[in-house]
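Enquirer: This is the content of target-v2.txt (compact mmCIF, C-alpha atoms):
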```
# COMPACT_ATOMS: atom_id res chain seq x y z
CA MET V 11 0.00 0.00 0.00
CA LYS V 12 1.24 3.46 -0.93
CA ALA V 13 0.14 5.93 1.72
CA VAL V 14 0.47 9.35 3.35
CA LEU V 15 1.31 9.43 7.05
CA VAL V 16 -0.45 12.32 8.81
CA LEU V 17 1.07 13.50 12.10
CA ASN V 18 -0.15 15.87 14.80
CA ALA V 19 2.51 16.18 17.49
CA GLY V 20 1.56 17.73 20.83
CA SER V 21 3.49 18.19 24.05
CA SER V 22 2.67 14.76 25.47
CA SER V 23 1.03 12.97 22.56
CA LEU V 24 1.56 12.04 18.94
CA LYS V 25 -1.60 11.55 16.89
CA PHE V 26 -1.28 9.75 13.57
CA ALA V 27 -3.34 8.53 10.63
CA LEU V 28 -2.42 6.55 7.53
CA PHE V 29 -4.26 7.35 4.28
CA ALA V 30 -3.94 5.12 1.23
CA ILE V 31 -3.32 7.12 -1.96
CA GLU V 32 -3.66 4.43 -4.62
CA PRO V 33 -5.66 4.12 -6.77
CA GLU V 34 -6.78 7.48 -5.30
CA LEU V 35 -6.62 9.24 -1.97
CA ALA V 36 -8.91 7.55 0.55
CA GLU V 37 -11.45 9.70 2.43
CA HIS V 38 -10.85 7.85 5.70
CA PRO V 39 -7.64 6.42 7.20
CA ALA V 40 -6.63 2.79 6.95
CA LEU V 41 -5.15 3.18 10.43
CA SER V 42 -5.34 5.89 13.08
CA GLY V 43 -4.28 6.29 16.67
CA GLN V 44 -1.96 8.06 19.03
CA ILE V 45 0.93 7.64 21.40
CA ASP V 46 0.07 9.15 24.77
CA GLY V 47 2.12 9.74 27.88
CA ILE V 48 5.18 11.16 26.15
CA GLY V 49 7.45 12.52 28.88
CA THR V 50 6.35 9.84 31.34
CA THR V 51 5.36 6.36 30.12
CA PRO V 52 4.48 6.41 26.40
CA GLN V 53 1.68 4.10 25.31
CA PHE V 54 0.81 3.19 21.70
CA ASN V 55 -2.86 2.83 20.68
CA ALA V 56 -4.14 2.29 17.15
CA LYS V 57 -7.29 1.24 15.34
CA SER V 58 -7.60 -0.10 11.80
CA ALA V 59 -10.41 0.78 9.40
CA ALA V 60 -11.80 -2.71 10.06
CA GLY V 61 -12.03 -1.96 13.79
CA GLU V 62 -9.04 -4.01 14.95
CA ARG V 63 -7.33 -2.41 17.94
CA PHE V 64 -3.68 -2.44 18.96
CA GLU V 65 -2.16 -1.41 22.29
CA GLU V 66 1.39 -1.65 23.59
CA ALA V 67 3.99 0.21 25.61
CA VAL V 68 6.58 2.29 23.76
CA PRO V 69 10.12 1.43 24.86
CA THR V 70 12.27 4.44 25.70
CA THR V 71 15.69 4.89 27.26
CA SER V 72 15.35 8.55 28.10
CA SER V 73 13.30 10.71 30.44
CA SER V 74 13.70 13.67 28.08
CA GLN V 75 10.42 14.68 26.45
CA ARG V 76 12.21 15.54 23.21
CA GLU V 77 13.96 12.16 23.12
CA GLN V 78 10.73 10.36 23.95
CA HIS V 79 9.06 12.12 21.02
CA ARG V 80 11.81 10.69 18.80
CA ASP V 81 11.35 7.26 20.38
CA ALA V 82 7.60 7.47 19.76
CA LEU V 83 8.12 8.20 16.06
CA THR V 84 10.71 5.45 15.77
CA HIS V 85 8.27 3.01 17.35
CA LEU V 86 5.49 4.13 15.00
CA LEU V 87 7.58 3.70 11.85
CA ASP V 88 8.92 0.33 13.01
CA TRP V 89 5.43 -0.84 13.94
CA LEU V 90 4.02 0.17 10.56
CA ALA V 91 6.82 -1.64 8.74
CA ALA V 92 6.40 -4.80 10.84
CA HIS V 93 2.61 -4.96 10.45
CA ASN V 94 2.53 -4.15 6.76
CA PRO V 95 5.79 -5.06 5.00
CA ALA V 96 4.35 -3.93 1.65
CA LEU V 97 3.61 -0.43 2.98
CA GLU V 98 5.29 2.47 1.20
CA ILE V 99 5.08 5.77 3.05
CA ALA V 100 5.13 8.18 0.13
CA ALA V 101 4.98 11.33 2.27
CA ALA V 102 4.33 12.74 5.72
CA GLY V 103 1.86 15.57 6.30
CA HIS V 104 2.07 17.58 9.51
CA ARG V 105 -0.39 19.78 11.36
CA ILE V 106 1.58 22.88 12.27
CA VAL V 107 -0.30 25.34 14.42
CA HIS V 108 1.30 28.60 13.33
CA GLY V 109 2.21 29.82 9.87
CA GLY V 110 2.15 33.51 10.79
CA ASP V 111 1.70 35.94 7.91
CA LEU V 112 4.20 34.08 5.74
CA PHE V 113 2.20 30.94 5.00
CA SER V 114 -1.33 31.11 3.66
CA GLU V 115 -1.21 27.62 2.13
CA PRO V 116 0.54 24.27 2.79
CA VAL V 117 4.21 24.01 1.83
CA ARG V 118 6.86 21.36 1.41
CA LEU V 119 9.15 21.44 4.42
CA TYR V 120 12.77 22.23 3.65
CA GLY V 121 15.55 23.52 5.90
CA HIS V 122 14.97 27.21 5.10
CA ILE V 123 11.21 26.83 5.65
CA MET V 124 11.84 25.25 9.04
CA LEU V 125 14.02 28.21 10.05
CA LYS V 126 11.13 30.55 9.26
CA LEU V 127 8.67 28.41 11.19
CA LYS V 128 10.91 28.38 14.25
CA LYS V 129 10.49 32.15 14.43
CA PHE V 130 6.82 31.58 15.23
CA VAL V 131 7.58 29.53 18.38
CA PRO V 132 7.02 32.59 20.65
CA LEU V 133 3.55 32.95 19.09
CA ALA V 134 2.59 29.35 19.93
CA PRO V 135 5.06 28.07 22.56
CA LEU V 136 2.76 25.25 23.70
CA HIS V 137 2.38 23.75 20.22
CA GLN V 138 4.88 24.94 17.61
CA PRO V 139 8.06 23.37 19.09
CA HIS V 140 6.49 19.92 19.22
CA ASN V 141 5.07 20.23 15.68
CA LEU V 142 8.53 21.08 14.36
CA ASN V 143 10.31 18.43 16.45
CA ALA V 144 8.26 15.76 14.68
CA VAL V 145 9.34 17.10 11.29
CA GLN V 146 12.99 17.05 12.33
CA ALA V 147 12.69 13.54 13.74
CA ILE V 148 11.23 12.18 10.49
CA SER V 149 13.99 13.94 8.53
CA ALA V 150 16.62 12.24 10.68
CA MET V 151 15.06 8.77 10.61
CA ALA V 152 13.69 8.68 7.08
CA PRO V 153 15.28 11.48 5.03
CA ASP V 154 13.82 10.15 1.77
CA ILE V 155 10.23 10.78 2.90
CA PRO V 156 9.07 14.22 1.65
CA GLN V 157 7.18 16.25 4.24
CA VAL V 158 4.47 18.89 4.00
CA GLY V 159 3.37 21.41 6.60
CA CYS V 160 -0.34 22.34 6.88
CA PHE V 161 -1.12 25.36 9.04
CA ASP V 162 -4.03 25.95 11.40
CA THR V 163 -3.74 29.68 10.78
CA ALA V 164 -3.61 29.61 6.95
CA PHE V 165 -7.37 29.53 6.28
CA HIS V 166 -7.83 32.83 8.12
CA ARG V 167 -5.31 34.83 6.12
CA THR V 168 -8.19 35.94 3.87
CA GLN V 169 -9.62 38.06 6.70
CA PRO V 170 -9.53 41.83 6.13
CA ALA V 171 -6.88 43.76 8.07
CA VAL V 172 -9.48 45.33 10.34
CA ALA V 173 -10.63 41.87 11.49
CA GLN V 174 -7.06 40.93 12.44
CA ALA V 175 -6.10 44.10 14.32
CA TYR V 176 -5.89 44.75 18.04
CA ALA V 177 -6.12 48.29 19.44
CA LEU V 178 -2.45 48.30 20.47
CA PRO V 179 0.41 50.67 19.71
CA ARG V 180 1.52 50.21 16.11
CA LYS V 181 5.03 49.13 17.10
CA ILE V 182 3.59 46.16 18.99
CA SER V 183 1.26 45.21 16.15
CA ALA V 184 4.24 45.42 13.79
CA GLU V 185 5.93 42.68 15.82
CA GLY V 186 3.17 40.26 14.84
CA VAL V 187 0.70 40.75 17.68
CA LYS V 188 -2.59 40.39 15.83
CA ARG V 189 -5.54 38.05 15.43
CA TYR V 190 -4.45 34.92 13.58
CA GLY V 191 -7.30 32.48 14.22
CA PHE V 192 -6.95 28.70 14.48
CA HIS V 193 -8.79 25.43 13.64
CA GLY V 194 -8.28 26.46 10.02
CA LEU V 195 -7.84 22.91 8.75
CA SER V 196 -11.23 21.98 10.18
CA TYR V 197 -12.94 25.05 8.72
CA ASP V 198 -11.33 24.42 5.35
CA TYR V 199 -12.60 20.83 5.25
CA VAL V 200 -16.13 21.72 6.38
CA ALA V 201 -16.38 24.67 3.98
CA ARG V 202 -15.63 22.32 1.09
CA GLN V 203 -18.52 20.06 2.12
CA LEU V 204 -21.12 22.81 2.41
CA PRO V 205 -22.29 23.11 -1.22
CA SER V 206 -23.55 19.52 -1.10
CA VAL V 207 -25.24 20.11 2.28
CA ILE V 208 -26.76 23.61 2.12
CA GLY V 209 -26.61 24.37 -1.61
CA ASP V 210 -26.27 27.98 -2.75
CA LYS V 211 -26.23 29.26 0.84
CA ALA V 212 -22.67 27.94 1.08
CA SER V 213 -21.52 31.02 -0.81
CA GLY V 214 -23.44 33.38 1.47
CA ALA V 215 -22.93 34.43 5.07
CA VAL V 216 -22.02 31.27 6.99
CA VAL V 217 -20.89 30.72 10.56
CA ILE V 218 -19.18 27.44 11.43
CA ALA V 219 -18.97 26.43 15.08
CA HIS V 220 -16.07 24.03 15.72
CA LEU V 221 -17.01 22.79 19.18
CA GLY V 222 -14.81 20.40 21.13
CA ASN V 223 -12.28 20.45 23.94
CA GLY V 224 -10.90 23.37 21.96
CA SER V 225 -13.77 25.49 20.64
CA SER V 226 -13.97 28.33 18.16
CA MET V 227 -16.25 29.85 15.53
CA CYS V 228 -15.55 31.30 12.11
CA ALA V 229 -17.56 33.61 9.83
CA LEU V 230 -17.32 32.92 6.09
CA ARG V 231 -18.39 34.87 3.04
CA ASP V 232 -18.09 33.17 -0.35
CA GLY V 233 -16.42 30.26 1.46
CA ARG V 234 -13.58 32.44 2.79
CA SER V 235 -12.82 33.35 6.39
CA VAL V 236 -13.75 36.94 7.27
CA ALA V 237 -13.64 36.73 11.09
CA SER V 238 -12.97 34.21 13.86
CA THR V 239 -13.28 33.98 17.62
CA MET V 240 -9.72 32.81 18.29
CA GLY V 241 -7.09 35.49 17.94
CA PHE V 242 -3.42 35.84 18.80
CA THR V 243 -3.60 32.54 20.67
CA ALA V 244 -5.94 29.57 20.85
CA VAL V 245 -7.23 30.69 24.25
CA GLU V 246 -9.30 33.65 23.00
CA GLY V 247 -12.97 33.49 22.11
CA LEU V 248 -15.31 30.75 23.26
CA MET V 249 -15.21 29.02 26.62
CA MET V 250 -13.63 25.58 26.10
CA GLY V 251 -12.98 22.32 27.91
CA THR V 252 -10.30 23.73 30.19
CA ARG V 253 -9.60 27.15 28.60
CA THR V 254 -11.22 30.42 29.67
CA GLY V 255 -11.91 31.88 26.26
CA SER V 256 -12.02 35.69 26.13
CA LEU V 257 -11.24 37.27 29.48
CA ASP V 258 -10.92 40.86 30.66
CA PRO V 259 -7.14 41.50 30.77
CA GLY V 260 -7.80 43.35 34.02
CA VAL V 261 -8.53 39.99 35.66
CA LEU V 262 -4.96 38.90 34.91
CA LEU V 263 -3.55 42.16 36.28
CA TYR V 264 -5.63 41.65 39.41
CA LEU V 265 -4.38 38.09 39.88
CA MET V 266 -0.79 39.21 39.37
CA ASP V 267 -1.00 42.18 41.74
CA GLN V 268 -3.33 40.84 44.41
CA LYS V 269 -2.59 37.10 44.31
CA GLY V 270 1.04 37.22 43.23
CA MET V 271 0.43 34.75 40.42
CA SER V 272 3.34 34.15 38.06
CA SER V 273 3.23 33.86 34.26
CA LYS V 274 3.46 30.07 34.59
CA GLU V 275 0.58 29.97 37.08
CA LEU V 276 -1.56 32.21 34.88
CA THR V 277 -0.83 30.02 31.85
CA ASN V 278 -1.96 26.97 33.79
CA LEU V 279 -5.11 28.81 34.92
CA LEU V 280 -6.00 30.01 31.41
CA TYR V 281 -5.30 26.77 29.57
CA LYS V 282 -5.82 23.91 32.01
CA GLU V 283 -7.96 24.87 35.02
CA SER V 284 -10.80 26.92 33.56
CA GLY V 285 -13.56 26.45 30.98
CA LEU V 286 -16.10 23.69 31.52
CA LEU V 287 -13.83 22.07 34.10
CA GLY V 288 -13.32 25.23 36.12
CA VAL V 289 -16.94 26.41 36.09
CA SER V 290 -18.43 22.99 36.86
CA GLY V 291 -15.71 21.73 39.18
CA ILE V 292 -16.71 18.31 37.81
CA SER V 293 -15.34 17.62 34.35
CA GLN V 294 -14.17 19.12 31.07
CA ASP V 295 -16.13 16.45 29.18
CA MET V 296 -19.45 17.74 27.83
CA ARG V 297 -20.91 14.23 27.91
CA THR V 298 -20.30 13.99 31.65
CA LEU V 299 -21.80 17.41 32.29
CA LEU V 300 -24.93 16.77 30.22
CA ALA V 301 -25.50 13.53 32.12
CA SER V 302 -25.02 15.19 35.53
CA THR V 303 -27.83 16.50 37.74
CA ALA V 304 -25.48 18.83 39.62
CA PRO V 305 -26.44 22.53 39.27
CA GLU V 306 -22.78 23.37 38.68
CA ALA V 307 -22.81 21.15 35.59
CA SER V 308 -25.88 22.93 34.22
CA GLU V 309 -24.28 26.31 34.89
CA ALA V 310 -21.19 25.32 32.93
CA VAL V 311 -23.24 24.08 29.96
CA ASP V 312 -25.45 27.18 30.02
CA LEU V 313 -22.43 29.50 30.02
CA TYR V 314 -20.85 27.54 27.16
CA CYS V 315 -24.00 27.83 25.04
CA TYR V 316 -24.52 31.48 25.95
CA ARG V 317 -21.02 32.34 24.75
CA ILE V 318 -21.64 30.52 21.45
CA ALA V 319 -24.90 32.40 20.87
CA ARG V 320 -23.31 35.72 21.77
CA GLU V 321 -20.39 35.16 19.39
CA LEU V 322 -22.85 34.12 16.68
CA GLY V 323 -24.33 37.61 16.74
CA SER V 324 -20.88 39.16 16.46
CA LEU V 325 -19.83 36.92 13.58
CA ALA V 326 -23.10 37.48 11.73
CA ALA V 327 -22.30 41.20 11.84
CA ALA V 328 -18.84 40.50 10.41
CA ALA V 329 -20.29 38.30 7.64
CA GLY V 330 -23.04 40.78 6.76
CA GLY V 331 -25.90 38.50 7.78
CA LEU V 332 -26.52 34.84 8.46
CA ASP V 333 -27.58 32.36 5.80
CA ALA V 334 -26.33 29.23 7.56
CA LEU V 335 -25.11 27.99 10.92
CA VAL V 336 -22.96 24.85 10.84
CA PHE V 337 -21.95 22.67 13.79
CA THR V 338 -18.82 20.51 13.74
CA GLY V 339 -16.24 19.05 16.15
CA GLY V 340 -16.83 16.47 18.88
CA ILE V 341 -19.45 18.50 20.77
CA GLY V 342 -20.91 20.15 17.68
CA GLU V 343 -21.46 16.82 15.95
CA HIS V 344 -22.73 14.77 18.91
CA ALA V 345 -24.27 17.02 21.59
CA ALA V 346 -27.87 17.59 20.46
CA GLN V 347 -28.65 19.38 23.73
CA VAL V 348 -25.97 21.97 23.07
CA ARG V 349 -27.27 22.60 19.55
CA GLU V 350 -30.80 22.94 20.93
CA LYS V 351 -29.76 25.49 23.57
CA VAL V 352 -27.77 27.52 21.04
CA ALA V 353 -30.70 27.52 18.61
CA LYS V 354 -33.14 28.76 21.27
CA LEU V 355 -30.78 31.59 22.20
CA SER V 356 -30.40 32.46 18.51
CA GLY V 357 -34.06 32.52 17.52
CA TRP V 358 -33.92 36.30 17.19
CA ILE V 359 -31.61 35.98 14.18
CA GLY V 360 -33.85 33.43 12.45
CA VAL V 361 -32.42 30.14 13.74
CA ASP V 362 -34.97 27.39 14.39
CA ILE V 363 -34.28 23.65 14.43
CA ASP V 364 -36.33 20.50 14.00
CA PRO V 365 -36.21 18.56 17.31
CA GLU V 366 -36.36 15.13 15.69
CA ALA V 367 -33.68 15.91 13.10
CA ASN V 368 -31.49 17.38 15.81
CA THR V 369 -31.85 14.33 18.06
CA ALA V 370 -31.03 12.08 15.10
CA HIS V 371 -27.90 14.17 14.32
CA ALA V 372 -29.12 14.67 10.75
CA SER V 373 -26.99 16.66 8.34
CA ARG V 374 -29.75 19.30 8.09
CA ILE V 375 -31.54 20.12 11.33
CA ASP V 376 -33.29 23.41 10.51
CA SER V 377 -37.08 23.46 10.68
CA PRO V 378 -39.21 24.41 7.64
CA SER V 379 -39.85 27.82 9.21
CA SER V 380 -36.18 28.59 9.94
CA LYS V 381 -34.79 31.58 8.06
CA VAL V 382 -31.29 30.13 8.54
CA ALA V 383 -30.03 26.79 7.26
CA VAL V 384 -28.66 24.76 10.18
CA ALA V 385 -26.35 21.84 9.46
CA VAL V 386 -24.21 19.26 11.22
CA VAL V 387 -21.07 18.41 9.25
CA PRO V 388 -18.42 16.02 10.63
CA THR V 389 -14.93 17.46 10.34
CA ASN V 390 -11.89 15.61 9.05
CA GLU V 391 -8.69 17.55 9.76
CA GLU V 392 -6.48 14.52 9.13
CA GLY V 393 -8.12 13.95 5.76
CA MET V 394 -7.56 17.61 4.89
CA ILE V 395 -3.86 17.30 5.71
CA ALA V 396 -3.59 14.15 3.59
CA ARG V 397 -5.32 15.89 0.68
CA TYR V 398 -3.03 18.90 0.90
CA THR V 399 0.05 16.69 1.13
CA VAL V 400 -0.92 14.84 -2.05
CA GLU V 401 -1.64 18.13 -3.84
CA VAL V 402 1.60 19.87 -2.81
CA LEU V 403 3.76 16.91 -3.82
CA GLY V 404 1.77 15.95 -6.91
CA LEU V 405 1.38 12.35 -5.79
```
Please go through the file and, once you have read it, give me the structure as structure tokens.
Expert:
Amino acid sequence: MKAVLVLNAGSSSLKFALFAIEPELAEHPALSGQIDGIGTTPQFNAKSAAGERFEEAVPTTSSSQREQHRDALTHLLDWLAAHNPALEIAAAGHRIVHGGDLFSEPVRLYGHIMLKLKKFVPLAPLHQPHNLNAVQAISAMAPDIPQVGCFDTAFHRTQPAVAQAYALPRKISAEGVKRYGFHGLSYDYVARQLPSVIGDKASGAVVIAHLGNGSSMCALRDGRSVASTMGFTAVEGLMMGTRTGSLDPGVLLYLMDQKGMSSKELTNLLYKESGLLGVSGISQDMRTLLASTAPEASEAVDLYCYRIARELGSLAAAAGGLDALVFTGGIGEHAAQVREKVAKLSGWIGVDIDPEANTAHASRIDSPSSKVAVAVVPTNEEGMIARYTVEVLGL
């Protein structure tokens, strides 16, 4: 089998998917999984398209996170070769969080490109180093495999300058402090599916809600991003699983001055202790909260849905109206209760859903009287990366 290996390297995990490319690129992976626990005790988990599951420990001789990342990739490549001797990895496609202003489309990864991407590490210190480490590790272990970088920020480079600007001194903005937006690979994939789901409205004013542990929304016009809820970092905008979303900067100044919190402590608060987990005090998992009878769980869900509905109004203004609302991501695709709450809060703008279609997770859930098309479209970021990799390399 000739295939593309898709990689998404995080701080403590390595997600992977293998897409066959002959006779043509497959829509879904032949194998997918991840290696968790990098930095402690790495564990390999994979699932084939046929449903067969594989689990095993990843041997490592180092306690270094960087070295364990390399060990994880070595284990993955060795495992793939051992389980499918006829496999030919024709290319590797990587999710890279930040492409800055330089990269508005996927690129083949060469040495000089990597040097440019390293300059964006300060803009995404929790993600970019690990994304790039995976590229370097593949280059060292399998230098003959061409690699392509696909950027989470690229889809949003079509936004007008006014949508990307912060009201900061020009010298700070000139250093790259602006709204970049993220989840671009997901929005790109979903936007390509919309003509077959909502017809001509796909070229109108559309808002896509990518709802999951990381949540954001994006306004599109003519299929192009015109505004998004995430900005300079992936912590702005919507409330998320463990992230605050937008927060008055004065709160941070208060915590620094009155509580003596350090930058590291604030980072932990913003990214890991807040959101659904912080508000509920129970869980970051929407499924757990929806099943709970605790009032704190309901409060967390209500705040989450309120923030979505409030951002919907803002994004509709940016898009010049609202022809369609599209839900995607783990929560967006599977949490009918969340979609119902958002729809009720958004009735003023013409959103109305069919209860039965919503409960059945149908692709179209708007009622006959709804002025806005409402759809549920599963995302496929890995498939988007595989598609881009094939296109860039001409495979």
Enquirer: Which is closer to Leu280 in chain V than all the others in V:Ala244, V:Met394, V:Ala329, V:Leu119, using only C-alpha atoms?
Expert: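 Distance minimum relative to Leu280 in chain V lands on V:Ala244.
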Enquirer: What does the distance from CA of Ala372 in chain V to CA of Val217 in chain V come to in Å, to one decimal?
Expert: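 Spanning CA of Ala372 in chain V to CA of Val217 in chain V is a straight-line distance of 18.0 Å.
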Enquirer: If we count all atoms listed in the file and set the cut-off at 9 Å, which residues sit around range 304-310 of chain V, ignoring sequence neighbours fewer than 6 positions away in its own chain? Please answer as a PyMOL selection string.
Expert: chain V and resi 285-293+298
Enquirer: Those residues you just picked out, can you put them in a file as a PDB file, in the frame of the given file with C-alpha atoms?
Expert:
```pdb
ATOM      1  CA  GLY V 285     -13.560  26.450  30.980  1.00  0.00           C
ATOM      2  CA  LEU V 286     -16.100  23.690  31.520  1.00  0.00           C
ATOM      3  CA  LEU V 287     -13.830  22.070  34.100  1.00  0.00           C
ATOM      4  CA  GLY V 288     -13.320  25.230  36.120  1.00  0.00           C
ATOM      5  CA  VAL V 289     -16.940  26.410  36.090  1.00  0.00           C
ATOM      6  CA  SER V 290     -18.430  22.990  36.860  1.00  0.00           C
ATOM      7  CA  GLY V 291     -15.710  21.730  39.180  1.00  0.00           C
ATOM      8  CA  ILE V 292     -16.710  18.310  37.810  1.00  0.00           C
ATOM      9  CA  SER V 293     -15.340  17.620  34.350  1.00  0.00           C
ATOM     10  CA  THR V 298     -20.300  13.990  31.650  1.00  0.00           C
TER      11      THR V 298
END
```
Enquirer: Have a look at V:Thr252, V:Gln138, V:Ser380, V:Gln146 and name the one nearest to Lys282 in chain V; count only C-alpha atoms.
Expert: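 For Lys282 in chain V, the nearest of the given residues is V:Thr252.
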Enquirer: For the atom pair CA of Leu178 in chain V and CA of Ser324 in chain V, what is the interatomic distance in Å to one decimal place?
Expert: 21.0 Å
Enquirer: Please measure the separation of CA of Leu142 in chain V and CA of Gly43 in chain V, giving the value in Å to one decimal.
Expert: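 The value is 19.7 Å.
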Enquirer: Using all atoms listed in the file, can you tell me which of V:Arg320, V:Arg234, V:His85, V:Arg118 comes closest to Gly103 in chain V?
Expert: V:Arg118
Enquirer: For Met11 in chain V, which residue out of V:Lys57, V:Arg167, V:Lys129, V:His93 is the nearest one, using all atoms listed in the file?
Expert: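 Smallest distance to Met11 in chain V is found for V:His93.
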Enquirer: Let me make sure I understand: among V:Arg231, V:Lys12, V:His108, V:Lys181, which one has the smallest atom-to-atom distance to Met124 in chain V if we use only C-alpha atoms?
Expert: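 Using only C-alpha atoms, the shortest distance to Met124 in chain V belongs to V:His108.
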Enquirer: Give as a ChimeraX atom specification the set of residues within 7 Å of the point (-19.2, 34.1, -2.3), where distances use the file's coordinates and all atoms listed in the file.
Expert: /V:213-214,231-233
Enquirer: Counting only C-alpha atoms, which residues have an atom no more than 10 Å from (-29.2, 33.6, 7.3) in the file's coordinates? Please list them as a list in words.
Expert: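 Result, sorted by chain then residue number: Lys211, Gly214, Ala215, Val216, Val217, Ala326, Gly330, Gly331, Leu332, Asp333, Ala334, Leu335, Ile359, Gly360, Val361, Ser380, Lys381, Val382, Ala383 and Val384 of chain V.
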Enquirer: Enclose range 381-395 of chain V, meaning all of its atoms listed in the file, in a box aligned along x, y and z, pad it by 4 Å on each side, and list the centre and edge lengths in Å to one decimal, as lines of an AutoDock Vina configuration file.
Expert:
```
center_x = -19.3
center_y = 22.8
center_z = 8.1
size_x = 38.9
size_y = 25.6
size_z = 14.3
```
Enquirer: Using all atoms listed in the file, which residues sit within 10 Å of range 151-158 of chain V once same-chain residues fewer than 2 positions away are excluded, as a VMD selection string?
Expert: chain V and resid 14 to 16 80 83 to 84 87 98 to 106 116 to 120 145 to 149 160 to 161 395 to 396 398 to 403
Enquirer: V:Glu321, V:Leu24, V:Gln347, V:Gly109: which is nearest His79 in chain V, counting only C-alpha atoms?
Expert: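 Nearest candidate to His79 in chain V out of V:Glu321, V:Leu24, V:Gln347, V:Gly109: V:Leu24.
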Enquirer: Residues at most 10 Å from Ser21 in chain V, counting all atoms listed in the file, excluding those fewer than 3 positions away in the same chain, as a ChimeraX atom specification?
Expert: /V:24,46-49,75-76,79,136-141
Enquirer: Just the selected residues (C-alpha atoms), exported as a CSV table (one decimal), in the frame of the given file, please.
Expert:
```
chain,number,residue,atom,x,y,z
V,24,LEU,CA,1.6,12.0,18.9
V,46,ASP,CA,0.1,9.2,24.8
V,47,GLY,CA,2.1,9.7,27.9
V,48,ILE,CA,5.2,11.2,26.2
V,49,GLY,CA,7.4,12.5,28.9
V,75,GLN,CA,10.4,14.7,26.4
V,76,ARG,CA,12.2,15.5,23.2
V,79,HIS,CA,9.1,12.1,21.0
V,136,LEU,CA,2.8,25.2,23.7
V,137,HIS,CA,2.4,23.8,20.2
V,138,GLN,CA,4.9,24.9,17.6
V,139,PRO,CA,8.1,23.4,19.1
V,140,HIS,CA,6.5,19.9,19.2
V,141,ASN,CA,5.1,20.2,15.7
```
